[in-house]
$ cat data_8.pdb   # PDB, C-alpha atoms
MODEL        1
ATOM      1  CA  MET R   1       0.000   0.000   0.000
ATOM      2  CA  SER R   2       1.306   3.444  -0.917
ATOM      3  CA  HIS R   3       1.593   6.349   1.495
ATOM      4  CA  THR R   4      -0.736   9.362   1.316
ATOM      5  CA  ASP R   5       1.934  11.232  -0.658
ATOM      6  CA  GLY R   6       1.900   8.583  -3.401
ATOM      7  CA  THR R   7       5.163   6.904  -2.381
ATOM      8  CA  VAL R   8       6.117   3.462  -1.125
ATOM      9  CA  SER R   9       8.819   2.491   1.376
ATOM     10  CA  ILE R  10      11.456   0.036   0.174
ATOM     11  CA  THR R  11      14.959  -1.081   1.107
ATOM     12  CA  VAL R  12      17.638  -0.904  -1.635
ATOM     13  CA  ASN R  13      20.987  -2.516  -0.927
ATOM     14  CA  GLY R  14      20.381  -2.215   2.808
ATOM     15  CA  GLU R  15      19.260   1.444   2.735
ATOM     16  CA  HIS R  16      15.709   2.674   3.361
ATOM     17  CA  ARG R  17      14.143   4.701   0.531
ATOM     18  CA  ARG R  18      10.789   6.170  -0.450
ATOM     19  CA  VAL R  19      10.042   6.106  -4.150
ATOM     20  CA  ALA R  20       7.021   6.879  -6.299
ATOM     21  CA  ALA R  21       4.326   4.223  -6.254
ATOM     22  CA  GLY R  22       4.011   2.285  -9.509
ATOM     23  CA  LEU R  23       7.697   2.609 -10.355
ATOM     24  CA  THR R  24       9.076  -0.468 -12.142
ATOM     25  CA  LEU R  25      12.374  -2.096 -11.236
ATOM     26  CA  ALA R  26      13.880  -0.848 -14.508
ATOM     27  CA  GLN R  27      12.737   2.696 -13.723
ATOM     28  CA  LEU R  28      14.129   2.392 -10.220
ATOM     29  CA  ALA R  29      17.521   1.365 -11.615
ATOM     30  CA  THR R  30      17.476   4.305 -14.018
ATOM     31  CA  GLU R  31      16.500   6.693 -11.211
ATOM     32  CA  LEU R  32      19.531   5.437  -9.290
ATOM     33  CA  GLY R  33      21.788   6.267 -12.233
ATOM     34  CA  LEU R  34      22.202   2.663 -13.323
ATOM     35  CA  VAL R  35      21.746   0.976 -16.678
ATOM     36  CA  PRO R  36      19.112  -1.783 -16.261
ATOM     37  CA  GLU R  37      20.829  -3.939 -18.895
ATOM     38  CA  LYS R  38      24.042  -3.984 -16.843
ATOM     39  CA  VAL R  39      22.721  -4.961 -13.407
ATOM     40  CA  ALA R  40      21.115  -7.946 -11.713
ATOM     41  CA  VAL R  41      18.144  -7.421  -9.379
ATOM     42  CA  GLU R  42      16.918  -9.530  -6.490
ATOM     43  CA  ARG R  43      13.479  -8.725  -5.041
ATOM     44  CA  ASN R  44      12.552 -10.231  -1.690
ATOM     45  CA  LEU R  45      15.260 -12.907  -2.061
ATOM     46  CA  GLU R  46      14.144 -13.880  -5.570
ATOM     47  CA  VAL R  47      16.143 -12.984  -8.685
ATOM     48  CA  VAL R  48      14.078 -11.019 -11.172
ATOM     49  CA  PRO R  49      14.894 -11.889 -14.812
ATOM     50  CA  ARG R  50      16.461  -8.916 -16.527
ATOM     51  CA  SER R  51      13.984  -9.229 -19.396
ATOM     52  CA  THR R  52      11.080  -8.490 -17.000
ATOM     53  CA  LEU R  53      12.527  -5.541 -15.057
ATOM     54  CA  ALA R  54      10.432  -3.074 -17.045
ATOM     55  CA  GLN R  55       7.222  -4.953 -16.164
ATOM     56  CA  VAL R  56       7.726  -5.674 -12.436
ATOM     57  CA  PRO R  57       6.431  -2.836 -10.187
ATOM     58  CA  VAL R  58       8.067  -1.850  -6.907
ATOM     59  CA  GLU R  59       5.749  -2.527  -3.944
ATOM     60  CA  ASP R  60       5.679  -1.167  -0.428
ATOM     61  CA  GLY R  61       8.022  -3.097   1.886
ATOM     62  CA  ASP R  62      10.124  -4.590  -0.922
ATOM     63  CA  ASP R  63      13.697  -5.584  -0.045
ATOM     64  CA  ILE R  64      15.738  -5.070  -3.205
ATOM     65  CA  GLU R  65      19.367  -5.919  -3.984
ATOM     66  CA  ILE R  66      20.997  -4.500  -7.102
ATOM     67  CA  VAL R  67      24.439  -5.808  -8.045
ATOM     68  CA  HIS R  68      26.965  -5.506 -10.855
ATOM     69  CA  PHE R  69      30.491  -6.708 -11.528
ATOM     70  CA  VAL R  70      33.409  -4.781 -10.034
ATOM     71  CA  GLY R  71      37.107  -5.149 -10.667
ATOM     72  CA  GLY R  72      39.214  -7.076  -8.216
ATOM     73  CA  GLY R  73      41.970  -4.446  -8.138
ATOM     74  CA  ASP R  74      43.078  -0.913  -8.835
ATOM     75  CA  HIS R  75      43.764   0.609 -12.229
ATOM     76  CA  ALA R  76      47.333   1.635 -13.035
ATOM     77  CA  ALA R  77      48.620   4.216 -15.473
ATOM     78  CA  PRO R  78      49.530   2.851 -18.909
ATOM     79  CA  VAL R  79      53.076   1.548 -19.171
ATOM     80  CA  VAL R  80      55.406   3.208 -21.668
ATOM     81  CA  GLU R  81      58.600   1.794 -23.070
ATOM     82  CA  ASP R  82      61.811   2.938 -21.422
ATOM     83  CA  GLY R  83      65.466   2.665 -22.246
ATOM     84  CA  TRP R  84      68.621   2.939 -20.181
ATOM     85  CA  THR R  85      71.760   5.010 -20.579
ATOM     86  CA  VAL R  86      75.390   4.251 -19.834
ATOM     87  CA  ALA R  87      78.150   6.817 -20.382
ATOM     88  CA  GLY R  88      75.787   8.941 -22.476
ATOM     89  CA  ARG R  89      74.717   6.075 -24.768
ATOM     90  CA  THR R  90      71.110   4.933 -24.702
ATOM     91  CA  PHE R  91      69.864   1.422 -25.404
ATOM     92  CA  ARG R  92      66.406  -0.139 -25.538
ATOM     93  CA  SER R  93      67.326  -3.713 -24.698
ATOM     94  CA  ARG R  94      68.421  -4.355 -21.127
ATOM     95  CA  LEU R  95      69.886  -7.739 -21.989
ATOM     96  CA  ILE R  96      73.598  -8.014 -22.829
ATOM     97  CA  VAL R  97      74.851 -11.332 -24.150
ATOM     98  CA  GLY R  98      78.283 -12.879 -24.438
ATOM     99  CA  THR R  99      79.853 -14.449 -27.495
ATOM    100  CA  GLY R 100      81.640 -17.451 -26.002
ATOM    101  CA  LYS R 101      80.825 -21.185 -25.775
ATOM    102  CA  TYR R 102      78.627 -21.306 -28.879
ATOM    103  CA  ARG R 103      78.983 -24.149 -31.377
ATOM    104  CA  ASP R 104      79.824 -21.666 -34.113
ATOM    105  CA  PHE R 105      79.503 -17.990 -35.032
ATOM    106  CA  ALA R 106      76.255 -18.623 -36.934
ATOM    107  CA  LYS R 107      74.541 -20.041 -33.842
ATOM    108  CA  ASN R 108      75.911 -17.154 -31.807
ATOM    109  CA  ALA R 109      74.537 -14.600 -34.265
ATOM    110  CA  ALA R 110      71.119 -16.268 -34.295
ATOM    111  CA  ALA R 111      70.965 -16.210 -30.499
ATOM    112  CA  VAL R 112      71.877 -12.529 -30.403
ATOM    113  CA  GLU R 113      69.111 -11.799 -32.893
ATOM    114  CA  ALA R 114      66.568 -13.773 -30.871
ATOM    115  CA  SER R 115      67.602 -12.046 -27.640
ATOM    116  CA  GLY R 116      67.083  -8.561 -29.019
ATOM    117  CA  ALA R 117      70.387  -7.553 -27.414
ATOM    118  CA  GLU R 118      72.049  -4.375 -28.633
ATOM    119  CA  ILE R 119      75.339  -5.038 -26.834
ATOM    120  CA  VAL R 120      77.557  -8.134 -26.978
ATOM    121  CA  THR R 121      80.709  -8.762 -24.979
ATOM    122  CA  VAL R 122      83.733  -9.831 -27.001
ATOM    123  CA  ALA R 123      87.043 -11.268 -25.865
ATOM    124  CA  VAL R 124      90.304  -9.913 -27.257
ATOM    125  CA  ARG R 125      92.388 -12.773 -28.629
ATOM    126  CA  ARG R 126      95.324 -13.196 -30.988
ATOM    127  CA  VAL R 127      94.629 -13.284 -34.717
ATOM    128  CA  ASN R 128      95.009 -16.713 -36.286
ATOM    129  CA  VAL R 129      97.905 -15.855 -38.611
ATOM    130  CA  ALA R 130      98.162 -19.473 -39.747
ATOM    131  CA  ASP R 131      94.744 -19.277 -41.450
ATOM    132  CA  ARG R 132      93.924 -15.920 -42.959
ATOM    133  CA  ASN R 133      90.543 -17.243 -44.144
ATOM    134  CA  ALA R 134      89.358 -18.368 -40.715
ATOM    135  CA  PRO R 135      85.896 -16.913 -39.933
ATOM    136  CA  MET R 136      85.696 -13.949 -37.586
ATOM    137  CA  LEU R 137      82.920 -12.795 -35.285
ATOM    138  CA  THR R 138      82.546  -9.553 -37.228
ATOM    139  CA  ASP R 139      81.517 -11.609 -40.272
ATOM    140  CA  TYR R 140      78.392 -12.697 -38.386
ATOM    141  CA  ILE R 141      77.608  -9.930 -35.869
ATOM    142  CA  ASP R 142      77.932  -6.502 -37.444
ATOM    143  CA  PRO R 143      79.681  -4.052 -35.056
ATOM    144  CA  LYS R 144      77.955  -1.211 -36.906
ATOM    145  CA  ARG R 145      74.578  -2.563 -35.798
ATOM    146  CA  ILE R 146      75.436  -4.239 -32.475
ATOM    147  CA  THR R 147      77.652  -2.490 -29.928
ATOM    148  CA  TYR R 148      80.771  -4.497 -29.160
ATOM    149  CA  LEU R 149      81.846  -4.415 -25.524
ATOM    150  CA  PRO R 150      85.455  -5.655 -25.311
ATOM    151  CA  ASN R 151      86.103  -7.478 -22.069
ATOM    152  CA  THR R 152      89.103  -8.720 -20.150
ATOM    153  CA  ALA R 153      87.975 -12.291 -19.511
ATOM    154  CA  GLY R 154      90.892 -14.406 -18.363
ATOM    155  CA  CYS R 155      92.912 -11.543 -16.889
ATOM    156  CA  PHE R 156      94.232 -12.115 -13.357
ATOM    157  CA  ASP R 157      95.977  -8.800 -12.709
ATOM    158  CA  ALA R 158      95.438  -5.136 -13.477
ATOM    159  CA  GLU R 159      98.354  -4.892 -15.919
ATOM    160  CA  SER R 160      97.092  -7.628 -18.266
ATOM    161  CA  ALA R 161      93.553  -6.222 -18.194
ATOM    162  CA  ILE R 162      94.768  -2.707 -19.006
ATOM    163  CA  ARG R 163      96.998  -4.022 -21.776
ATOM    164  CA  THR R 164      94.123  -5.981 -23.289
ATOM    165  CA  LEU R 165      91.820  -2.987 -23.390
ATOM    166  CA  ARG R 166      94.464  -0.712 -24.843
ATOM    167  CA  LEU R 167      94.791  -3.195 -27.714
ATOM    168  CA  ALA R 168      90.996  -3.334 -28.058
ATOM    169  CA  ARG R 169      90.796   0.439 -28.365
ATOM    170  CA  GLU R 170      93.518   0.395 -30.975
ATOM    171  CA  ALA R 171      91.800  -2.399 -32.922
ATOM    172  CA  GLY R 172      88.290  -0.978 -32.990
ATOM    173  CA  GLY R 173      88.306   2.441 -31.374
ATOM    174  CA  TRP R 174      86.277   1.193 -28.416
ATOM    175  CA  ASP R 175      86.304   3.186 -25.207
ATOM    176  CA  LEU R 176      83.196   1.645 -23.599
ATOM    177  CA  VAL R 177      84.648  -1.583 -22.198
ATOM    178  CA  LYS R 178      83.949  -4.309 -19.689
ATOM    179  CA  LEU R 179      86.611  -4.794 -17.049
ATOM    180  CA  GLU R 180      87.044  -7.946 -15.031
ATOM    181  CA  VAL R 181      90.148  -8.855 -13.063
ATOM    182  CA  LEU R 182      89.885 -12.338 -11.601
ATOM    183  CA  GLY R 183      91.378 -13.533  -8.363
ATOM    184  CA  GLU R 184      91.733 -17.242  -9.099
ATOM    185  CA  ALA R 185      90.785 -19.778 -11.762
ATOM    186  CA  ARG R 186      88.676 -22.041  -9.513
ATOM    187  CA  THR R 187      86.004 -19.545  -8.446
ATOM    188  CA  LEU R 188      86.567 -16.805 -11.056
ATOM    189  CA  TYR R 189      85.755 -14.332  -8.295
ATOM    190  CA  PRO R 190      86.988 -10.790  -8.924
ATOM    191  CA  ASP R 191      90.126  -9.535  -7.223
ATOM    192  CA  MET R 192      88.746  -6.248  -5.952
ATOM    193  CA  VAL R 193      92.129  -4.668  -5.119
ATOM    194  CA  GLU R 194      93.340  -5.186  -8.685
ATOM    195  CA  THR R 195      89.924  -4.305 -10.094
ATOM    196  CA  LEU R 196      89.868  -0.961  -8.307
ATOM    197  CA  ARG R 197      93.396  -0.181  -9.444
ATOM    198  CA  ALA R 198      92.650  -1.062 -13.065
ATOM    199  CA  THR R 199      89.394   0.932 -13.039
ATOM    200  CA  GLU R 200      91.139   4.101 -11.890
ATOM    201  CA  ILE R 201      93.952   3.797 -14.437
ATOM    202  CA  LEU R 202      91.570   3.081 -17.311
ATOM    203  CA  ALA R 203      89.251   5.949 -16.380
ATOM    204  CA  ASN R 204      92.213   8.328 -16.296
ATOM    205  CA  GLU R 205      93.151   7.158 -19.795
ATOM    206  CA  GLY R 206      89.714   8.015 -21.165
ATOM    207  CA  PHE R 207      88.165   4.564 -21.031
ATOM    208  CA  LEU R 208      84.557   4.089 -19.914
ATOM    209  CA  PRO R 209      84.775   0.916 -17.821
ATOM    210  CA  MET R 210      81.736  -1.187 -16.953
ATOM    211  CA  VAL R 211      83.127  -3.226 -14.075
ATOM    212  CA  TYR R 212      82.500  -6.800 -12.940
ATOM    213  CA  CYS R 213      82.680  -6.969  -9.143
ATOM    214  CA  VAL R 214      81.629  -8.763  -5.988
ATOM    215  CA  ASP R 215      78.115  -8.144  -4.677
ATOM    216  CA  ASP R 216      79.357  -5.684  -2.062
ATOM    217  CA  PRO R 217      77.741  -2.221  -1.867
ATOM    218  CA  ILE R 218      80.879  -0.679  -0.338
ATOM    219  CA  ALA R 219      83.160  -2.002  -3.083
ATOM    220  CA  ALA R 220      80.601  -0.956  -5.693
ATOM    221  CA  LYS R 221      80.614   2.625  -4.440
ATOM    222  CA  ARG R 222      84.407   2.720  -4.474
ATOM    223  CA  LEU R 223      84.399   1.584  -8.095
ATOM    224  CA  GLU R 224      81.985   4.337  -8.980
ATOM    225  CA  ASN R 225      84.142   6.897  -7.186
ATOM    226  CA  VAL R 226      87.239   5.965  -9.213
ATOM    227  CA  GLY R 227      85.493   6.112 -12.588
ATOM    228  CA  ALA R 228      83.331   3.059 -13.284
ATOM    229  CA  VAL R 229      80.461   4.011 -15.611
ATOM    230  CA  ALA R 230      78.465   0.903 -14.645
ATOM    231  CA  ILE R 231      78.601  -1.537 -11.755
ATOM    232  CA  MET R 232      78.231  -5.231 -12.624
ATOM    233  CA  PRO R 233      77.967  -7.358  -9.462
ATOM    234  CA  LEU R 234      77.916 -11.123  -9.825
ATOM    235  CA  GLY R 235      74.708 -12.949  -9.033
ATOM    236  CA  ALA R 236      76.645 -16.190  -8.539
ATOM    237  CA  PRO R 237      79.960 -17.586  -9.806
ATOM    238  CA  ILE R 238      80.575 -17.230 -13.547
ATOM    239  CA  GLY R 239      78.990 -20.046 -15.539
ATOM    240  CA  SER R 240      77.337 -21.629 -12.492
ATOM    241  CA  GLY R 241      73.681 -20.974 -13.354
ATOM    242  CA  LEU R 242      72.879 -20.803  -9.651
ATOM    243  CA  GLY R 243      70.832 -17.632  -9.916
ATOM    244  CA  ILE R 244      71.093 -14.593  -7.670
ATOM    245  CA  GLN R 245      72.432 -15.789  -4.330
ATOM    246  CA  ASN R 246      72.166 -12.549  -2.362
ATOM    247  CA  LYS R 247      69.267 -10.327  -3.381
ATOM    248  CA  VAL R 248      69.773  -8.108  -0.344
ATOM    249  CA  THR R 249      73.225  -6.874  -1.355
ATOM    250  CA  ILE R 250      72.250  -6.491  -5.022
ATOM    251  CA  ARG R 251      69.354  -4.286  -3.943
ATOM    252  CA  LEU R 252      71.666  -2.261  -1.678
ATOM    253  CA  ILE R 253      74.041  -1.713  -4.603
ATOM    254  CA  VAL R 254      71.143  -0.528  -6.772
ATOM    255  CA  GLU R 255      69.910   1.848  -4.074
ATOM    256  CA  GLY R 256      73.347   3.351  -3.516
ATOM    257  CA  ALA R 257      74.516   3.707  -7.113
ATOM    258  CA  SER R 258      74.251   6.742  -9.358
ATOM    259  CA  VAL R 259      75.430   4.761 -12.394
ATOM    260  CA  PRO R 260      73.716   1.753 -14.029
ATOM    261  CA  VAL R 261      73.810  -1.576 -12.187
ATOM    262  CA  LEU R 262      73.704  -4.816 -14.179
ATOM    263  CA  VAL R 263      73.822  -8.334 -12.767
ATOM    264  CA  ASP R 264      76.741 -10.134 -14.392
ATOM    265  CA  ALA R 265      77.249 -13.893 -14.023
ATOM    266  CA  GLY R 266      75.258 -16.682 -12.428
ATOM    267  CA  VAL R 267      71.888 -16.297 -14.155
ATOM    268  CA  GLY R 268      70.702 -19.676 -15.433
ATOM    269  CA  THR R 269      67.133 -19.200 -16.599
ATOM    270  CA  ALA R 270      64.517 -16.587 -17.433
ATOM    271  CA  SER R 271      62.961 -16.361 -13.969
ATOM    272  CA  GLU R 272      66.378 -15.453 -12.540
ATOM    273  CA  ALA R 273      66.808 -12.739 -15.162
ATOM    274  CA  ALA R 274      63.393 -11.400 -14.163
ATOM    275  CA  ALA R 275      64.404 -11.494 -10.488
ATOM    276  CA  ALA R 276      67.445  -9.329 -11.228
ATOM    277  CA  MET R 277      65.274  -6.768 -12.964
ATOM    278  CA  GLU R 278      62.695  -6.808 -10.178
ATOM    279  CA  LEU R 279      65.468  -5.741  -7.798
ATOM    280  CA  GLY R 280      65.803  -2.550  -9.844
ATOM    281  CA  CYS R 281      68.862  -3.485 -11.900
ATOM    282  CA  ASP R 282      69.284  -1.665 -15.191
ATOM    283  CA  GLY R 283      70.131  -4.844 -17.055
ATOM    284  CA  VAL R 284      71.517  -8.360 -17.047
ATOM    285  CA  LEU R 285      74.591  -9.796 -18.759
ATOM    286  CA  MET R 286      74.756 -13.498 -19.546
ATOM    287  CA  ASN R 287      76.561 -15.976 -21.757
ATOM    288  CA  THR R 288      76.530 -19.581 -20.545
ATOM    289  CA  ALA R 289      72.800 -19.611 -19.762
ATOM    290  CA  ILE R 290      72.022 -19.115 -23.443
ATOM    291  CA  ALA R 291      75.044 -20.758 -25.083
ATOM    292  CA  GLU R 292      74.730 -24.023 -23.127
ATOM    293  CA  ALA R 293      70.944 -24.322 -23.304
ATOM    294  CA  LYS R 294      69.633 -27.305 -25.268
ATOM    295  CA  ASP R 295      68.057 -24.771 -27.628
ATOM    296  CA  PRO R 296      70.081 -21.532 -27.418
ATOM    297  CA  ILE R 297      67.769 -19.644 -29.777
ATOM    298  CA  LEU R 298      64.680 -20.477 -27.738
ATOM    299  CA  MET R 299      66.488 -19.673 -24.501
ATOM    300  CA  ALA R 300      67.571 -16.314 -25.929
ATOM    301  CA  ARG R 301      63.925 -15.515 -26.572
ATOM    302  CA  ALA R 302      63.023 -16.629 -23.056
ATOM    303  CA  MET R 303      65.726 -14.425 -21.544
ATOM    304  CA  LYS R 304      64.493 -11.441 -23.535
ATOM    305  CA  ALA R 305      60.975 -11.995 -22.201
ATOM    306  CA  GLY R 306      62.251 -12.535 -18.652
ATOM    307  CA  VAL R 307      64.207  -9.296 -18.613
ATOM    308  CA  GLU R 308      61.289  -7.358 -20.051
ATOM    309  CA  ALA R 309      58.797  -8.889 -17.605
ATOM    310  CA  GLY R 310      61.053  -8.189 -14.622
ATOM    311  CA  ARG R 311      61.523  -4.580 -15.667
ATOM    312  CA  LEU R 312      57.764  -4.072 -16.064
ATOM    313  CA  ALA R 313      57.148  -5.630 -12.652
ATOM    314  CA  TYR R 314      59.731  -3.337 -11.051
ATOM    315  CA  ARG R 315      58.195  -0.262 -12.662
ATOM    316  CA  ALA R 316      54.683  -1.364 -11.717
ATOM    317  CA  GLY R 317      55.625  -1.622  -8.040
ATOM    318  CA  ARG R 318      55.251  -4.896  -6.210
ATOM    319  CA  MET R 319      52.322  -5.401  -3.854
ATOM    320  CA  GLY R 320      53.133  -5.426  -0.178
ATOM    321  CA  VAL R 321      53.860  -8.762   1.487
ATOM    322  CA  ARG R 322      51.224  -9.654   4.092
ATOM    323  CA  ARG R 323      51.167 -12.280   6.809
ATOM    324  CA  TYR R 324      47.481 -13.061   6.286
ATOM    325  CA  ALA R 325      44.967 -13.312   3.452
ATOM    326  CA  ASP R 326      43.449 -10.216   1.920
ATOM    327  CA  PRO R 327      40.435 -10.572  -0.417
ATOM    328  CA  SER R 328      40.923  -9.453  -4.008
ATOM    329  CA  SER R 329      37.251  -8.552  -4.358
ATOM    330  CA  PRO R 330      35.956  -5.697  -2.153
ATOM    331  CA  LEU R 331      33.770  -6.628   0.800
ATOM    332  CA  ALA R 332      31.882  -3.323   0.603
ATOM    333  CA  GLY R 333      28.552  -3.874  -1.127
ATOM    334  CA  LEU R 334      28.489  -7.585  -0.282
ATOM    335  CA  ILE R 335      24.980  -8.996  -0.593
TER     336      ILE R 335
ENDMDL
END
$ encode --input "data_8.pdb" --output "structure tokens"
Amino acid sequence: MSHTDGTVSITVNGEHRRVAAGLTLAQLATELGLVPEKVAVERNLEVVPRSTLAQVPVEDGDDIEIVHFVGGGDHAAPVVEDGWTVAGRTFRSRLIVGTGKYRDFAKNAAAVEASGAEIVTVAVRRVNVADRNAPMLTDYIDPKRITYLPNTAGCFDAESAIRTLRLAREAGGWDLVKLEVLGEARTLYPDMVETLRATEILANEGFLPMVYCVDDPIAAKRLENVGAVAIMPLGAPIGSGLGIQNKVTIRLIVEGASVPVLVDAGVGTASEAAAAMELGCDGVLMNTAIAEAKDPILMARAMKAGVEAGRLAYRAGRMGVRRYADPSSPLAGLI
């Protein structure tokens, strides 16, 4: 029965309302600013078919629930592509790959292509004077299209590393280089005393050294202070594939550095590459993980995707870690 003023009393989603007598459920939805075709209506604990909403009148004392679908999370700003810069040079790909351990140069070149890498590390070795027709890396990976990063792999003291890079600059004009000075052959861990000494000398000679180092934030800062243009802490021993062993110190290096930080060594699979990027690293360098995969080309593609996914996750901002469950759908408006 309607009131003397021509209204009826109803409850809508738990709230008392007075509406005009004779109003249909479709008209009620419209009056509430809703689109009848996009909601579901329950009247006195019975679902009203959407096709009949325009025919069913609202009656005094009705208990009505109106629901629709809501998202289970917040909306984020659209993601835009981003590059990274080292020593004034900007690159899109954050994956650097090595050129060792491949079956042949052709397989190496195919893996580089699949990885999307714009930088490859190259070792400086003696020319094979006994065979002038022996294939060379430059025949397969064009240094005009892919940036060559000469490295000092196999050097165990500052003098040999400096000598190697001086020859590299003479051979190809390269000043952006990768420095590593190893302490011993068994672990291939960097000798940080010799590494620091070599970094300072090379920087004073106009080189732009990207430096392989231990995962120590103090040592990393010292390298930066003496001229390193990028810090490259190991995730695990070279060629081990163990993944990042100490995420805490890698993150501390990232937080304290004002130059790019790239994980170098130890990554074995795509999830570990993603983990490095999620820590805020600017990139990842790898060789063995791709070269020794059963299918290097497919692994190169996987590593590309892993690096890109990790970077997007870092930029998106990880959700907070909670000790207890938290519903993804809002409890407000629960029927």
$ residues_near_point --input "data_8.pdb" --point "(14.1, -6.2, -6.5)" --cutoff "9 Å" --atoms "only C-alpha atoms" --output "PyMOL selection string"
chain R and resi 12+25+40-48+53+56+58+62-66
$ residues_around --input "data_8.pdb" --residues "stretch 140-143 of chain R" --least-positions-apart "6" --cutoff "9 Å" --atoms "only C-alpha atoms" --output "list in words"
Phe105, Ala106, Asn108, Ala109 and Val112 of chain R
$ closest_residue --input "data_8.pdb" --among "R:Gly22, R:Pro296, R:Gly83, R:Gly310" --to "R:Gln55" --atoms "only C-alpha atoms"
R:Gly22
$ atom_distance --input "data_8.pdb" --atom1 "atom CA of R:Arg89" --atom2 "atom CA of R:Asp139"
24.5 Å
$ residues_around --input "data_8.pdb" --residues "stretch 226-233 of chain R" --least-positions-apart "6" --cutoff "7 Å" --atoms "all atoms listed in the file" --output "tab-separated table (two decimals) with C-alpha atoms, keeping the file's coordinate frame"
chain	number	residue	atom	x	y	z
R	86	VAL	CA	75.39	4.25	-19.83
R	87	ALA	CA	78.15	6.82	-20.38
R	199	THR	CA	89.39	0.93	-13.04
R	200	GLU	CA	91.14	4.10	-11.89
R	203	ALA	CA	89.25	5.95	-16.38
R	208	LEU	CA	84.56	4.09	-19.91
R	209	PRO	CA	84.78	0.92	-17.82
R	210	MET	CA	81.74	-1.19	-16.95
R	211	VAL	CA	83.13	-3.23	-14.08
R	212	TYR	CA	82.50	-6.80	-12.94
R	213	CYS	CA	82.68	-6.97	-9.14
R	214	VAL	CA	81.63	-8.76	-5.99
R	215	ASP	CA	78.11	-8.14	-4.68
R	220	ALA	CA	80.60	-0.96	-5.69
R	259	VAL	CA	75.43	4.76	-12.39
R	260	PRO	CA	73.72	1.75	-14.03
R	261	VAL	CA	73.81	-1.58	-12.19
R	262	LEU	CA	73.70	-4.82	-14.18
R	263	VAL	CA	73.82	-8.33	-12.77
R	264	ASP	CA	76.74	-10.13	-14.39
$ residues_around --input "data_8.pdb" --residues "R:Ile238" --least-positions-apart "4" --cutoff "9 Å" --atoms "all atoms listed in the file" --output "compact mmCIF listing (two decimals) with C-alpha atoms, in the coordinates of the input"
# COMPACT_ATOMS: atom_id res chain seq x y z
CA THR R 187 86.00 -19.55 -8.45
CA LEU R 188 86.57 -16.80 -11.06
CA TYR R 189 85.76 -14.33 -8.30
CA LEU R 234 77.92 -11.12 -9.82
CA ASP R 264 76.74 -10.13 -14.39
CA ALA R 265 77.25 -13.89 -14.02
CA GLY R 266 75.26 -16.68 -12.43
CA VAL R 267 71.89 -16.30 -14.16
CA THR R 288 76.53 -19.58 -20.54
$ residues_around --input "data_8.pdb" --residues "R:Ile297" --least-positions-apart "5" --cutoff "8 Å" --atoms "only C-alpha atoms" --output "ChimeraX atom specification"
/R:107,110-111,114-115,290
$ axis_aligned_box --input "data_8.pdb" --around "stretch 192-196 of chain R" --padding-each-side "4 Å" --output "lines of an AutoDock Vina configuration file"
center_x = 91.0
center_y = -3.6
center_z = -7.6
size_x = 12.6
size_y = 13.3
size_z = 13.0
$ decode --input "data_8.pdb" --residues "stretch 297-308 of chain R" --atoms "N, CA and C atoms" --output "mmCIF file, in the first residue's frame"
data_model
loop_
_atom_site.group_PDB
_atom_site.id
_atom_site.type_symbol
_atom_site.label_atom_id
_atom_site.label_comp_id
_atom_site.auth_asym_id
_atom_site.auth_seq_id
_atom_site.Cartn_x
_atom_site.Cartn_y
_atom_site.Cartn_z
ATOM 1 N N ILE R 297 68.616 -20.669 -29.162
ATOM 2 C CA ILE R 297 67.769 -19.644 -29.777
ATOM 3 C C ILE R 297 66.501 -19.449 -28.951
ATOM 4 N N LEU R 298 65.892 -20.557 -28.551
ATOM 5 C CA LEU R 298 64.680 -20.477 -27.738
ATOM 6 C C LEU R 298 64.979 -19.876 -26.375
ATOM 7 N N MET R 299 66.124 -20.241 -25.789
ATOM 8 C CA MET R 299 66.488 -19.673 -24.501
ATOM 9 C C MET R 299 66.754 -18.180 -24.619
ATOM 10 N N ALA R 300 67.342 -17.750 -25.724
ATOM 11 C CA ALA R 300 67.571 -16.314 -25.929
ATOM 12 C C ALA R 300 66.252 -15.553 -25.938
ATOM 13 N N ARG R 301 65.250 -16.141 -26.566
ATOM 14 C CA ARG R 301 63.925 -15.515 -26.572
ATOM 15 C C ARG R 301 63.333 -15.475 -25.169
ATOM 16 N N ALA R 302 63.530 -16.567 -24.427
ATOM 17 C CA ALA R 302 63.023 -16.629 -23.056
ATOM 18 C C ALA R 302 63.691 -15.576 -22.179
ATOM 19 N N MET R 303 65.002 -15.415 -22.340
ATOM 20 C CA MET R 303 65.726 -14.425 -21.544
ATOM 21 C C MET R 303 65.261 -13.006 -21.879
ATOM 22 N N LYS R 304 65.020 -12.751 -23.133
ATOM 23 C CA LYS R 304 64.493 -11.441 -23.535
ATOM 24 C C LYS R 304 63.176 -11.170 -22.828
ATOM 25 N N ALA R 305 62.271 -12.156 -22.851
ATOM 26 C CA ALA R 305 60.975 -11.995 -22.201
ATOM 27 C C ALA R 305 61.117 -11.850 -20.691
ATOM 28 N N GLY R 306 62.043 -12.615 -20.092
ATOM 29 C CA GLY R 306 62.251 -12.535 -18.652
ATOM 30 C C GLY R 306 62.735 -11.168 -18.202
ATOM 31 N N VAL R 307 63.688 -10.627 -18.938
ATOM 32 C CA VAL R 307 64.207 -9.296 -18.613
ATOM 33 C C VAL R 307 63.107 -8.243 -18.764
ATOM 34 N N GLU R 308 62.344 -8.337 -19.830
ATOM 35 C CA GLU R 308 61.289 -7.358 -20.051
ATOM 36 C C GLU R 308 60.203 -7.460 -18.992
#
